[in-house]
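final-v2.pdb follows; it contains PDB, C-alpha atoms.
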MODEL        1
ATOM      1  CA  MET Y 634     164.537 -18.381-145.451
ATOM      2  CA  LYS Y 635     167.752 -16.552-146.136
ATOM      3  CA  ILE Y 636     168.386 -14.308-143.145
ATOM      4  CA  PHE Y 637     171.101 -11.673-142.769
ATOM      5  CA  VAL Y 638     172.202 -10.924-139.196
ATOM      6  CA  ALA Y 639     173.989  -7.711-138.250
ATOM      7  CA  GLY Y 640     175.281  -7.983-134.698
ATOM      8  CA  GLY Y 641     175.849 -11.720-134.483
ATOM      9  CA  THR Y 642     178.674 -11.682-131.935
ATOM     10  CA  GLY Y 643     176.983 -10.108-128.907
ATOM     11  CA  ALA Y 644     175.138 -11.713-126.017
ATOM     12  CA  ILE Y 645     172.034 -12.385-128.104
ATOM     13  CA  GLY Y 646     173.828 -12.778-131.422
ATOM     14  CA  ARG Y 647     175.443 -16.092-130.592
ATOM     15  CA  PRO Y 648     172.290 -17.958-129.452
ATOM     16  CA  LEU Y 649     170.337 -16.277-132.255
ATOM     17  CA  LEU Y 650     172.657 -17.650-134.935
ATOM     18  CA  ASN Y 651     172.457 -21.108-133.363
ATOM     19  CA  GLN Y 652     168.660 -20.959-133.238
ATOM     20  CA  LEU Y 653     168.409 -19.838-136.864
ATOM     21  CA  LEU Y 654     170.640 -22.700-137.967
ATOM     22  CA  ALA Y 655     168.648 -25.177-135.866
ATOM     23  CA  LYS Y 656     165.453 -24.041-137.598
ATOM     24  CA  GLY Y 657     167.023 -24.697-140.991
ATOM     25  CA  HIS Y 658     167.468 -21.128-142.180
ATOM     26  CA  ASN Y 659     170.204 -20.038-144.563
ATOM     27  CA  VAL Y 660     172.187 -17.587-142.421
ATOM     28  CA  VAL Y 661     174.521 -14.762-143.420
ATOM     29  CA  ALA Y 662     176.313 -12.876-140.626
ATOM     30  CA  LEU Y 663     178.009  -9.507-140.864
ATOM     31  CA  THR Y 664     181.492  -8.996-139.415
ATOM     32  CA  ARG Y 665     184.481  -6.686-139.841
ATOM     33  CA  SER Y 666     186.945  -9.419-138.889
ATOM     34  CA  GLN Y 667     188.487 -12.007-141.190
ATOM     35  CA  GLU Y 668     189.051 -14.223-138.158
ATOM     36  CA  ARG Y 669     185.397 -13.999-137.186
ATOM     37  CA  ALA Y 670     184.426 -14.665-140.805
ATOM     38  CA  GLN Y 671     186.359 -17.925-140.675
ATOM     39  CA  SER Y 672     184.620 -18.840-137.419
ATOM     40  CA  PHE Y 673     181.215 -18.188-138.967
ATOM     41  CA  ALA Y 674     182.087 -20.290-142.006
ATOM     42  CA  ALA Y 675     183.112 -23.178-139.747
ATOM     43  CA  GLN Y 676     179.615 -23.027-138.174
ATOM     44  CA  GLY Y 677     177.909 -23.236-141.560
ATOM     45  CA  ILE Y 678     177.175 -19.497-141.616
ATOM     46  CA  GLU Y 679     177.971 -17.428-144.696
ATOM     47  CA  PRO Y 680     180.172 -14.507-143.592
ATOM     48  CA  ALA Y 681     179.712 -11.005-144.975
ATOM     49  CA  ILE Y 682     182.656  -8.701-144.302
ATOM     50  CA  ALA Y 683     181.796  -5.009-143.969
ATOM     51  CA  ASP Y 684     182.038  -2.095-141.546
ATOM     52  CA  VAL Y 685     178.620  -0.831-140.450
ATOM     53  CA  PHE Y 686     179.996   2.726-140.514
ATOM     54  CA  ASP Y 687     180.869   2.341-144.206
ATOM     55  CA  PRO Y 688     177.502   2.539-145.998
ATOM     56  CA  ASN Y 689     178.867   1.375-149.338
ATOM     57  CA  SER Y 690     180.417  -1.790-147.925
ATOM     58  CA  VAL Y 691     177.211  -2.614-146.050
ATOM     59  CA  LYS Y 692     175.164  -1.984-149.178
ATOM     60  CA  GLU Y 693     177.419  -4.292-151.198
ATOM     61  CA  ALA Y 694     177.277  -7.016-148.514
ATOM     62  CA  ILE Y 695     173.480  -7.093-148.328
ATOM     63  CA  ALA Y 696     173.068  -6.757-152.100
ATOM     64  CA  HIS Y 697     175.378  -9.731-152.560
ATOM     65  CA  ALA Y 698     173.586 -11.824-149.915
ATOM     66  CA  GLN Y 699     170.062 -11.045-151.223
ATOM     67  CA  PRO Y 700     168.317 -12.037-147.969
ATOM     68  CA  GLU Y 701     164.574 -12.105-147.422
ATOM     69  CA  VAL Y 702     164.982 -10.932-143.839
ATOM     70  CA  VAL Y 703     167.507  -8.767-141.984
ATOM     71  CA  ILE Y 704     167.855  -9.015-138.204
ATOM     72  CA  GLU Y 705     169.764  -6.113-136.676
ATOM     73  CA  GLN Y 706     171.219  -6.578-133.191
ATOM     74  CA  LEU Y 707     173.895  -3.885-133.297
ATOM     75  CA  THR Y 708     175.218  -2.711-129.919
ATOM     76  CA  ALA Y 709     178.579  -1.801-128.401
ATOM     77  CA  LEU Y 710     177.963  -2.657-124.761
ATOM     78  CA  PRO Y 711     180.846  -3.421-122.357
ATOM     79  CA  LYS Y 712     181.428  -6.709-120.587
ATOM     80  CA  THR Y 713     181.368  -4.879-117.245
ATOM     81  CA  TYR Y 714     178.156  -3.318-115.956
ATOM     82  CA  THR Y 715     179.337  -0.283-114.011
ATOM     83  CA  ARG Y 716     178.514   3.397-114.222
ATOM     84  CA  GLU Y 717     182.027   4.055-115.521
ATOM     85  CA  SER Y 718     182.082   1.361-118.193
ATOM     86  CA  MET Y 719     178.573   2.149-119.401
ATOM     87  CA  ALA Y 720     179.396   5.868-119.644
ATOM     88  CA  ALA Y 721     182.585   5.082-121.561
ATOM     89  CA  ALA Y 722     180.743   2.800-123.991
ATOM     90  CA  GLY Y 723     177.794   5.168-124.418
ATOM     91  CA  PRO Y 724     178.956   7.289-127.372
ATOM     92  CA  LEU Y 725     179.976   4.316-129.524
ATOM     93  CA  ASN Y 726     176.850   2.382-128.551
ATOM     94  CA  THR Y 727     174.668   5.323-129.585
ATOM     95  CA  ARG Y 728     176.599   5.777-132.814
ATOM     96  CA  ILE Y 729     176.396   2.119-133.793
ATOM     97  CA  ARG Y 730     172.658   2.048-133.091
ATOM     98  CA  LEU Y 731     171.859   5.252-134.964
ATOM     99  CA  GLU Y 732     174.469   5.550-137.711
ATOM    100  CA  GLY Y 733     175.348   1.885-138.139
ATOM    101  CA  GLY Y 734     171.707   0.879-137.934
ATOM    102  CA  ALA Y 735     170.716   3.512-140.476
ATOM    103  CA  ASN Y 736     173.308   2.143-142.900
ATOM    104  CA  VAL Y 737     172.039  -1.414-142.524
ATOM    105  CA  LEU Y 738     168.406  -0.317-142.904
ATOM    106  CA  ALA Y 739     169.187   1.726-146.029
ATOM    107  CA  ALA Y 740     171.130  -1.176-147.521
ATOM    108  CA  ALA Y 741     168.235  -3.548-146.820
ATOM    109  CA  GLN Y 742     165.801  -1.202-148.537
ATOM    110  CA  ALA Y 743     168.094  -0.836-151.549
ATOM    111  CA  ALA Y 744     168.442  -4.623-151.823
ATOM    112  CA  GLY Y 745     164.685  -5.222-151.766
ATOM    113  CA  VAL Y 746     164.656  -7.009-148.399
ATOM    114  CA  ARG Y 747     161.113  -7.932-147.360
ATOM    115  CA  ARG Y 748     161.311  -7.957-143.564
ATOM    116  CA  TYR Y 749     163.538  -6.175-141.062
ATOM    117  CA  LEU Y 750     163.777  -6.866-137.312
ATOM    118  CA  ARG Y 751     165.474  -4.516-134.905
ATOM    119  CA  GLN Y 752     166.384  -4.717-131.219
ATOM    120  CA  SER Y 753     164.609  -2.294-128.883
ATOM    121  CA  ILE Y 754     164.029  -2.104-125.134
ATOM    122  CA  ALA Y 755     160.945  -2.933-123.034
ATOM    123  CA  ILE Y 756     162.183  -1.614-119.699
ATOM    124  CA  TRP Y 757     161.644   2.086-120.347
ATOM    125  CA  GLY Y 758     157.906   2.336-120.789
ATOM    126  CA  ILE Y 759     156.410   5.514-119.294
ATOM    127  CA  PRO Y 760     155.876   4.849-115.567
ATOM    128  CA  GLY Y 761     152.308   4.184-114.552
ATOM    129  CA  ALA Y 762     149.899   1.646-113.133
ATOM    130  CA  GLY Y 763     150.029  -1.922-114.402
ATOM    131  CA  LEU Y 764     152.312  -3.294-117.091
ATOM    132  CA  ALA Y 765     153.395  -1.314-120.134
ATOM    133  CA  ASP Y 766     152.295  -2.748-123.479
ATOM    134  CA  GLU Y 767     153.318  -2.150-127.084
ATOM    135  CA  GLU Y 768     151.232   1.039-127.235
ATOM    136  CA  THR Y 769     153.080   2.533-124.260
ATOM    137  CA  PRO Y 770     155.639   5.122-125.396
ATOM    138  CA  LEU Y 771     159.170   4.955-124.059
ATOM    139  CA  VAL Y 772     159.799   7.467-121.309
ATOM    140  CA  LEU Y 773     161.396  10.723-122.480
ATOM    141  CA  ASP Y 774     161.030  12.624-119.200
ATOM    142  CA  ALA Y 775     163.252  10.675-116.850
ATOM    143  CA  SER Y 776     166.746  10.611-115.364
ATOM    144  CA  PRO Y 777     169.488  11.717-117.794
ATOM    145  CA  VAL Y 778     170.745   8.414-119.181
ATOM    146  CA  VAL Y 779     167.318   6.758-119.246
ATOM    147  CA  ALA Y 780     165.829   9.733-121.120
ATOM    148  CA  ALA Y 781     168.723   9.864-123.600
ATOM    149  CA  GLU Y 782     168.597   6.130-124.305
ATOM    150  CA  SER Y 783     164.811   6.211-124.650
ATOM    151  CA  ARG Y 784     165.084   9.003-127.215
ATOM    152  CA  VAL Y 785     167.553   6.920-129.234
ATOM    153  CA  MET Y 786     165.341   3.841-129.168
ATOM    154  CA  THR Y 787     162.223   5.873-129.998
ATOM    155  CA  GLU Y 788     163.983   7.335-133.034
ATOM    156  CA  ILE Y 789     165.132   3.890-134.144
ATOM    157  CA  GLU Y 790     161.641   2.413-133.769
ATOM    158  CA  HIS Y 791     160.030   5.250-135.716
ATOM    159  CA  ARG Y 792     162.633   5.037-138.464
ATOM    160  CA  LEU Y 793     161.985   1.329-138.888
ATOM    161  CA  LEU Y 794     158.211   1.342-138.590
ATOM    162  CA  GLU Y 795     157.884   4.239-141.041
ATOM    163  CA  SER Y 796     160.031   2.482-143.661
ATOM    164  CA  ASN Y 797     158.625   0.558-146.624
ATOM    165  CA  LEU Y 798     159.737  -2.756-145.113
ATOM    166  CA  GLU Y 799     157.852  -5.168-142.875
ATOM    167  CA  GLY Y 800     159.452  -3.603-139.825
ATOM    168  CA  ILE Y 801     159.393  -5.354-136.442
ATOM    169  CA  ALA Y 802     160.817  -3.745-133.298
ATOM    170  CA  LEU Y 803     161.557  -6.262-130.552
ATOM    171  CA  ARG Y 804     161.481  -4.664-127.122
ATOM    172  CA  TYR Y 805     163.522  -7.017-124.967
ATOM    173  CA  GLY Y 806     163.597  -7.179-121.179
ATOM    174  CA  PHE Y 807     166.742  -7.433-119.070
ATOM    175  CA  PHE Y 808     168.843 -10.257-120.467
ATOM    176  CA  TYR Y 809     170.061 -12.923-118.078
ATOM    177  CA  GLY Y 810     171.766 -16.261-118.603
ATOM    178  CA  PRO Y 811     175.031 -17.355-120.252
ATOM    179  CA  GLY Y 812     177.127 -14.542-121.665
ATOM    180  CA  THR Y 813     175.128 -11.768-119.931
ATOM    181  CA  TRP Y 814     175.844  -9.486-116.985
ATOM    182  CA  PHE Y 815     173.110 -11.172-114.926
ATOM    183  CA  ASN Y 816     174.591 -14.645-114.599
ATOM    184  CA  SER Y 817     176.521 -16.469-111.895
ATOM    185  CA  ASP Y 818     179.773 -15.713-113.724
ATOM    186  CA  GLY Y 819     178.612 -12.347-115.107
ATOM    187  CA  ASP Y 820     179.672  -8.917-113.948
ATOM    188  CA  VAL Y 821     176.538  -8.201-111.913
ATOM    189  CA  GLY Y 822     176.881 -11.618-110.268
ATOM    190  CA  GLN Y 823     180.336 -10.588-109.088
ATOM    191  CA  GLN Y 824     179.041  -7.235-107.849
ATOM    192  CA  VAL Y 825     176.291  -8.918-105.848
ATOM    193  CA  ARG Y 826     178.826 -11.239-104.205
ATOM    194  CA  GLN Y 827     180.846  -8.184-103.203
ATOM    195  CA  GLN Y 828     177.739  -6.334-101.941
ATOM    196  CA  GLN Y 829     178.252  -3.583-104.491
ATOM    197  CA  LEU Y 830     174.642  -3.593-105.720
ATOM    198  CA  PRO Y 831     172.316  -2.250-103.029
ATOM    199  CA  ILE Y 832     168.559  -1.921-102.817
ATOM    200  CA  VAL Y 833     167.761   1.781-103.049
ATOM    201  CA  GLY Y 834     164.887   3.191-101.042
ATOM    202  CA  ASN Y 835     161.857   0.919-101.139
ATOM    203  CA  GLY Y 836     163.205  -0.992-104.155
ATOM    204  CA  GLU Y 837     159.790  -0.930-105.817
ATOM    205  CA  GLY Y 838     161.061  -0.431-109.374
ATOM    206  CA  ILE Y 839     159.686  -3.292-111.505
ATOM    207  CA  TRP Y 840     162.103  -5.157-113.788
ATOM    208  CA  SER Y 841     161.035  -7.398-116.650
ATOM    209  CA  TRP Y 842     163.425 -10.226-117.387
ATOM    210  CA  LEU Y 843     164.283 -12.385-120.397
ATOM    211  CA  HIS Y 844     166.540 -15.417-120.657
ATOM    212  CA  ILE Y 845     168.975 -14.921-123.507
ATOM    213  CA  GLU Y 846     167.943 -18.197-125.143
ATOM    214  CA  ASP Y 847     164.275 -17.156-124.999
ATOM    215  CA  ALA Y 848     165.250 -13.884-126.656
ATOM    216  CA  ALA Y 849     166.755 -15.848-129.537
ATOM    217  CA  ILE Y 850     163.746 -18.173-129.826
ATOM    218  CA  ALA Y 851     161.291 -15.265-129.885
ATOM    219  CA  THR Y 852     163.368 -13.375-132.443
ATOM    220  CA  VAL Y 853     163.309 -16.326-134.833
ATOM    221  CA  ALA Y 854     159.554 -16.689-134.324
ATOM    222  CA  ALA Y 855     159.082 -12.996-135.142
ATOM    223  CA  ALA Y 856     161.218 -13.374-138.268
ATOM    224  CA  GLU Y 857     159.111 -16.337-139.379
ATOM    225  CA  GLN Y 858     155.578 -15.274-138.449
ATOM    226  CA  GLY Y 859     155.485 -11.880-136.732
ATOM    227  CA  ASN Y 860     153.340  -9.007-137.925
ATOM    228  CA  PRO Y 861     154.893  -5.598-138.597
ATOM    229  CA  GLY Y 862     154.984  -3.462-135.470
ATOM    230  CA  ILE Y 863     156.298  -3.773-131.927
ATOM    231  CA  TYR Y 864     156.586  -6.865-129.749
ATOM    232  CA  GLN Y 865     157.576  -6.858-126.108
ATOM    233  CA  ILE Y 866     159.719  -9.901-125.422
ATOM    234  CA  VAL Y 867     159.821 -10.408-121.655
ATOM    235  CA  ASP Y 868     159.057 -13.220-119.245
ATOM    236  CA  ASP Y 869     155.882 -13.762-117.215
ATOM    237  CA  GLN Y 870     157.194 -12.487-113.887
ATOM    238  CA  PRO Y 871     157.959  -8.756-113.619
ATOM    239  CA  LEU Y 872     159.586  -8.273-110.222
ATOM    240  CA  ALA Y 873     160.417  -5.414-107.892
ATOM    241  CA  VAL Y 874     164.100  -4.902-107.101
ATOM    242  CA  ARG Y 875     163.376  -5.684-103.446
ATOM    243  CA  ASP Y 876     162.223  -9.161-104.551
ATOM    244  CA  TRP Y 877     164.573 -10.193-107.360
ATOM    245  CA  LEU Y 878     167.837  -8.813-105.979
ATOM    246  CA  PRO Y 879     167.798 -10.704-102.628
ATOM    247  CA  ALA Y 880     166.763 -13.872-104.506
ATOM    248  CA  PHE Y 881     169.622 -13.396-106.968
ATOM    249  CA  ALA Y 882     172.017 -12.992-104.030
ATOM    250  CA  ARG Y 883     170.717 -16.185-102.403
ATOM    251  CA  SER Y 884     171.135 -18.096-105.659
ATOM    252  CA  LEU Y 885     174.804 -17.045-105.670
ATOM    253  CA  ASN Y 886     175.258 -17.909-101.981
ATOM    254  CA  ALA Y 887     176.073 -14.232-101.525
ATOM    255  CA  PRO Y 888     175.284 -12.018 -98.526
ATOM    256  CA  PRO Y 889     172.006 -10.090 -98.612
ATOM    257  CA  PRO Y 890     172.273  -6.864-100.595
ATOM    258  CA  PRO Y 891     172.816  -3.717 -98.539
ATOM    259  CA  ARG Y 892     170.215  -0.955 -98.300
ATOM    260  CA  VAL Y 893     170.789   2.647 -99.368
ATOM    261  CA  SER Y 894     168.438   5.595 -99.023
ATOM    262  CA  VAL Y 895     167.285   7.531-102.057
ATOM    263  CA  GLU Y 896     168.991  10.614-100.634
ATOM    264  CA  ASP Y 897     172.344   8.854-100.398
ATOM    265  CA  ALA Y 898     171.952   7.256-103.820
ATOM    266  CA  LEU Y 899     171.332  10.662-105.393
ATOM    267  CA  LYS Y 900     174.726  11.822-104.101
ATOM    268  CA  LEU Y 901     176.493   9.199-106.215
ATOM    269  CA  GLU Y 902     177.669   9.823-109.767
ATOM    270  CA  GLY Y 903     174.728   8.866-111.965
ATOM    271  CA  GLY Y 904     172.561   8.741-108.864
ATOM    272  CA  ALA Y 905     169.387   9.914-110.585
ATOM    273  CA  ASP Y 906     169.576   6.985-112.998
ATOM    274  CA  ILE Y 907     170.250   4.545-110.169
ATOM    275  CA  VAL Y 908     167.168   5.816-108.341
ATOM    276  CA  TYR Y 909     165.070   5.556-111.507
ATOM    277  CA  TYR Y 910     166.051   1.924-112.100
ATOM    278  CA  GLN Y 911     165.478   1.008-108.481
ATOM    279  CA  THR Y 912     162.275   2.894-107.700
ATOM    280  CA  GLN Y 913     160.459   3.970-110.892
ATOM    281  CA  MET Y 914     160.992   1.270-113.510
ATOM    282  CA  ARG Y 915     157.781  -0.157-114.934
ATOM    283  CA  GLY Y 916     157.223  -3.788-115.841
ATOM    284  CA  ALA Y 917     156.201  -4.875-119.330
ATOM    285  CA  SER Y 918     153.492  -7.181-120.679
ATOM    286  CA  ASN Y 919     154.279 -10.069-123.035
ATOM    287  CA  ALA Y 920     150.647 -10.826-123.921
ATOM    288  CA  LYS Y 921     151.000  -9.897-127.585
ATOM    289  CA  ALA Y 922     154.109 -12.036-128.085
ATOM    290  CA  LYS Y 923     152.441 -14.996-126.383
ATOM    291  CA  ARG Y 924     149.351 -14.569-128.518
ATOM    292  CA  GLU Y 925     150.960 -13.975-131.923
ATOM    293  CA  LEU Y 926     154.367 -15.684-131.638
ATOM    294  CA  ASN Y 927     153.419 -18.545-129.306
ATOM    295  CA  PHE Y 928     156.088 -17.169-126.987
ATOM    296  CA  GLN Y 929     156.583 -19.397-123.943
ATOM    297  CA  PRO Y 930     159.300 -17.889-121.732
ATOM    298  CA  ARG Y 931     160.892 -19.845-118.926
ATOM    299  CA  SER Y 932     160.552 -18.696-115.323
ATOM    300  CA  LEU Y 933     163.311 -16.539-113.897
ATOM    301  CA  GLU Y 934     165.739 -19.238-112.875
ATOM    302  CA  TRP Y 935     167.056 -17.783-109.633
ATOM    303  CA  MET Y 936     163.518 -17.230-108.345
ATOM    304  CA  VAL Y 937     162.667 -20.871-109.144
ATOM    305  CA  ASN Y 938     165.881 -22.107-107.565
ATOM    306  CA  THR Y 939     165.557 -20.093-104.365
ATOM    307  CA  VAL Y 940     161.891 -21.054-103.889
ATOM    308  CA  ALA Y 941     162.836 -24.720-104.338
ATOM    309  CA  ALA Y 942     165.720 -24.361-101.887
ATOM    310  CA  HIS Y 943     163.450 -22.797 -99.256
ATOM    311  CA  ALA Y 944     160.847 -25.527 -99.750
ATOM    312  CA  SER Y 945     163.333 -28.362 -99.261
TER     313      SER Y 945
ENDMDL
END

What is this file in structure tokens?
Amino acid sequence: MKIFVAGGTGAIGRPLLNQLLAKGHNVVALTRSQERAQSFAAQGIEPAIADVFDPNSVKEAIAHAQPEVVIEQLTALPKTYTRESMAAAGPLNTRIRLEGGANVLAAAQAAGVRRYLRQSIAIWGIPGAGLADEETPLVLDASPVVAAESRVMTEIEHRLLESNLEGIALRYGFFYGPGTWFNSDGDVGQQVRQQQLPIVGNGEGIWSWLHIEDAAIATVAAAEQGNPGIYQIVDDQPLAVRDWLPAFARSLNAPPPPRVSVEDALKLEGGADIVYYQTQMRGASNAKAKRELNFQPRSLEWMVNTVAAHAS
């Protein structure tokens, strides 16, 4: 198939382009940069030069490419995962998701694209018993940043699923692996080594994980054979913070993470969001993706590695 990718330079964009090429697809990738366009061309990818905030240029790019499928992975996330860097990146990230994404979606509709895939988030399902599934709404009554981000993603999902395209929203878990924050050389890895990431309260917030390569594999499968609607793309092992964070530290040969009370965490800037992530997050089910996309995620590598190390 001919597939147009918007957002091909981020953490998931790079492995996604490689996976699409490996599966034999004809790939067009959007960029604003002539230098990046040359890099894409050298990989066998057709570059399309446009600014996602310029609707006419995006419309021309997609009309020229005439793809069957558009995959949108637009974000503007920082390389550092701190309260300060995330707050600084927030306005542009929201704008690129809402305004930039709307321009790409409108251009795809105008060009007669058949199928459209869009990145969403699995980690913000309404808290409750068991694992959230695709019918679980994203939480809108939560800490400030979580609620704001959930509103953005809910709007994006509705916009896509109510369009006249075969719309697929991919709710990803927390990315880990090469090029992500959660890697041995990633920003969170450095914070864990420096004991800057504590366990808050009982650490019972459940996180659902996803290796970045598995994210790319599942996205290609959804482009090829997915049904319109929502898919949660997460691994098989949702884990409480109190379980995954010490294991991550051990895998880095780092000291055990410190402990902080909920009361003390709430005194920090952004404390309500920290407490939400650490104590209220709900895990997500991947049953639909396994059933319909033959999704077979790998086990969380630092849990595997630390269990093996303890057994030896």

Original post:
When distances are computed from only C-alpha atoms, which of Y:Gly859, Y:Pro688, Y:Gly810, Y:Gly733 shows the smallest separation from Ile789 of chain Y?
Top reply: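 Of Y:Gly859, Y:Pro688, Y:Gly810, Y:Gly733, the one nearest Ile789 of chain Y, counting only C-alpha atoms, is Y:Gly733.
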
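Checking Y:Ile754, Y:Ala898, Y:Leu725, Y:Ala670 one by one against Thr769 of chain Y, counting all atoms listed in the file, you find the shortest gap at Y:Ile754.
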
**OP:** For the file shown, report as a ChimeraX atom specification the outcome of the PyMOL selection byres ((chain Y and resi 642) around 10) at residue level.
**Re:** /Y:638-641,643-650,662-664,669,673,706-708

Subject >> Selection: 9 Å around Leu878 of chain Y, all atoms listed in the file, excl. self and same-chain fewer than 5 positions, as a PyMOL selection string >> reply: chain Y and resi 825+830-832+873+883+889-890

**OP:** Enumerate, as a count of residues only, the residues matched when the PyMOL selection byres ((chain Y and resi 841) around 12) is run on the file above.
**Re:** 40

Subject >> Target residues per the PyMOL selection byres ((chain Y and resi 909) around 10), formatted as a PyMOL selection string >> reply: chain Y and resi 775-779+833+838+895+904-908+910-915

**OP:** Work out how far atom CA of Asn726 of chain Y is from atom CA of Ala743 of chain Y, in Å to one decimal.
**Re:**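 Taking atom CA of Ala743 of chain Y and atom CA of Asn726 of chain Y, their separation equals 24.8 Å.
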
Original post:
In Å to one decimal, how far is atom CA of Asn689 of chain Y from atom CA of Asn736 of chain Y?
Top reply: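 For atom CA of Asn736 of chain Y relative to atom CA of Asn689 of chain Y, the distance reads 8.5 Å.
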
Original post:
With all atoms listed in the file as the basis for distance, which of Y:Ser753, Y:Gln667, Y:Ser817, Y:Ser718 is at the shortest distance from Gly734 of chain Y?
Top reply: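 Ranked by minimum distance to Gly734 of chain Y, first place goes to Y:Ser753.
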
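Across the structure, atom CA of Lys692 of chain Y and atom CA of Tyr749 of chain Y are spaced 14.8 Å apart.
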
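When only C-alpha atoms are used to compute distances to Ala856 of chain Y, the closest of the residues Y:Ala709, Y:Leu750, Y:Ile682, Y:Ile759 turns out to be Y:Leu750.
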
Original post:
Which neighbours of Gln829 of chain Y fall inside 12 Å, counting only C-alpha atoms, when residues of the same chain fewer than 5 positions from it are skipped, and could you give them as a list in words?
Top reply: Tyr714, Thr715, Arg716, Asp820, Val821, Gly822, Gln823, Gln824, Leu878, Ala882, Ala887, Pro888, Pro889, Pro890, Pro891, Arg892 and Val893 of chain Y

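Close contacts of Val785 of chain Y, defined as residues with an atom at most 9 Å away when counting only C-alpha atoms, with chain neighbours fewer than 3 positions off set aside, comprise Thr727, Arg730, Leu731, Ala780, Ala781, Glu782, Glu788, Ile789 and Glu790 of chain Y.
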
Subject >> Polymer residues at most 12 Å from Val702 of chain Y, only C-alpha atoms, same-chain spacing of 3 or more positions, as a count of residues only >> reply: 39

**OP:** Would you mind telling me which residue in Y:Pro711, Y:Pro770, Y:Pro879, Y:Pro811 lies nearest to Trp935 of chain Y when using all atoms listed in the file?
**Re:**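 For Trp935 of chain Y, the nearest of the given residues is Y:Pro879.
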
With all heavy atoms as the goal, would you fill in the gaps in segment 642-647 of chain Y and present it as a tab-separated table (two decimals), keeping the file's coordinate frame?
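Printed below is part_3.tsv as written:
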chain	number	residue	atom	x	y	z
Y	642	THR	N	177.62	-11.25	-132.86
Y	642	THR	CA	178.67	-11.68	-131.94
Y	642	THR	C	178.40	-11.25	-130.50
Y	642	THR	O	179.20	-11.54	-129.61
Y	642	THR	CB	180.04	-11.11	-132.38
Y	642	THR	OG1	179.97	-9.68	-132.40
Y	642	THR	CG2	180.42	-11.62	-133.76
Y	643	GLY	N	177.30	-10.56	-130.25
Y	643	GLY	CA	176.98	-10.11	-128.91
Y	643	GLY	C	176.28	-11.18	-128.09
Y	643	GLY	O	176.17	-12.34	-128.50
Y	644	ALA	N	175.77	-10.76	-126.93
Y	644	ALA	CA	175.14	-11.71	-126.02
Y	644	ALA	C	173.98	-12.44	-126.68
Y	644	ALA	O	173.83	-13.67	-126.54
Y	644	ALA	CB	174.66	-10.99	-124.77
Y	645	ILE	N	173.15	-11.72	-127.43
Y	645	ILE	CA	172.03	-12.38	-128.10
Y	645	ILE	C	172.44	-12.94	-129.46
Y	645	ILE	O	171.85	-13.90	-129.96
Y	645	ILE	CB	170.83	-11.43	-128.25
Y	645	ILE	CG1	169.62	-12.21	-128.82
Y	645	ILE	CG2	171.16	-10.23	-129.11
Y	645	ILE	CD1	168.35	-11.41	-128.89
Y	646	GLY	N	173.45	-12.35	-130.07
Y	646	GLY	CA	173.83	-12.78	-131.42
Y	646	GLY	C	174.21	-14.24	-131.51
Y	646	GLY	O	173.81	-14.95	-132.44
Y	647	ARG	N	174.97	-14.70	-130.54
Y	647	ARG	CA	175.44	-16.09	-130.59
Y	647	ARG	C	174.29	-17.10	-130.50
Y	647	ARG	O	174.17	-17.97	-131.36
Y	647	ARG	CB	176.48	-16.32	-129.48
Y	647	ARG	CG	177.79	-15.55	-129.74
Y	647	ARG	CD	178.84	-15.86	-128.68
Y	647	ARG	NE	178.48	-15.35	-127.36
Y	647	ARG	CZ	178.77	-14.13	-126.93
Y	647	ARG	NH1	179.39	-13.28	-127.72
Y	647	ARG	NH2	178.44	-13.74	-125.71
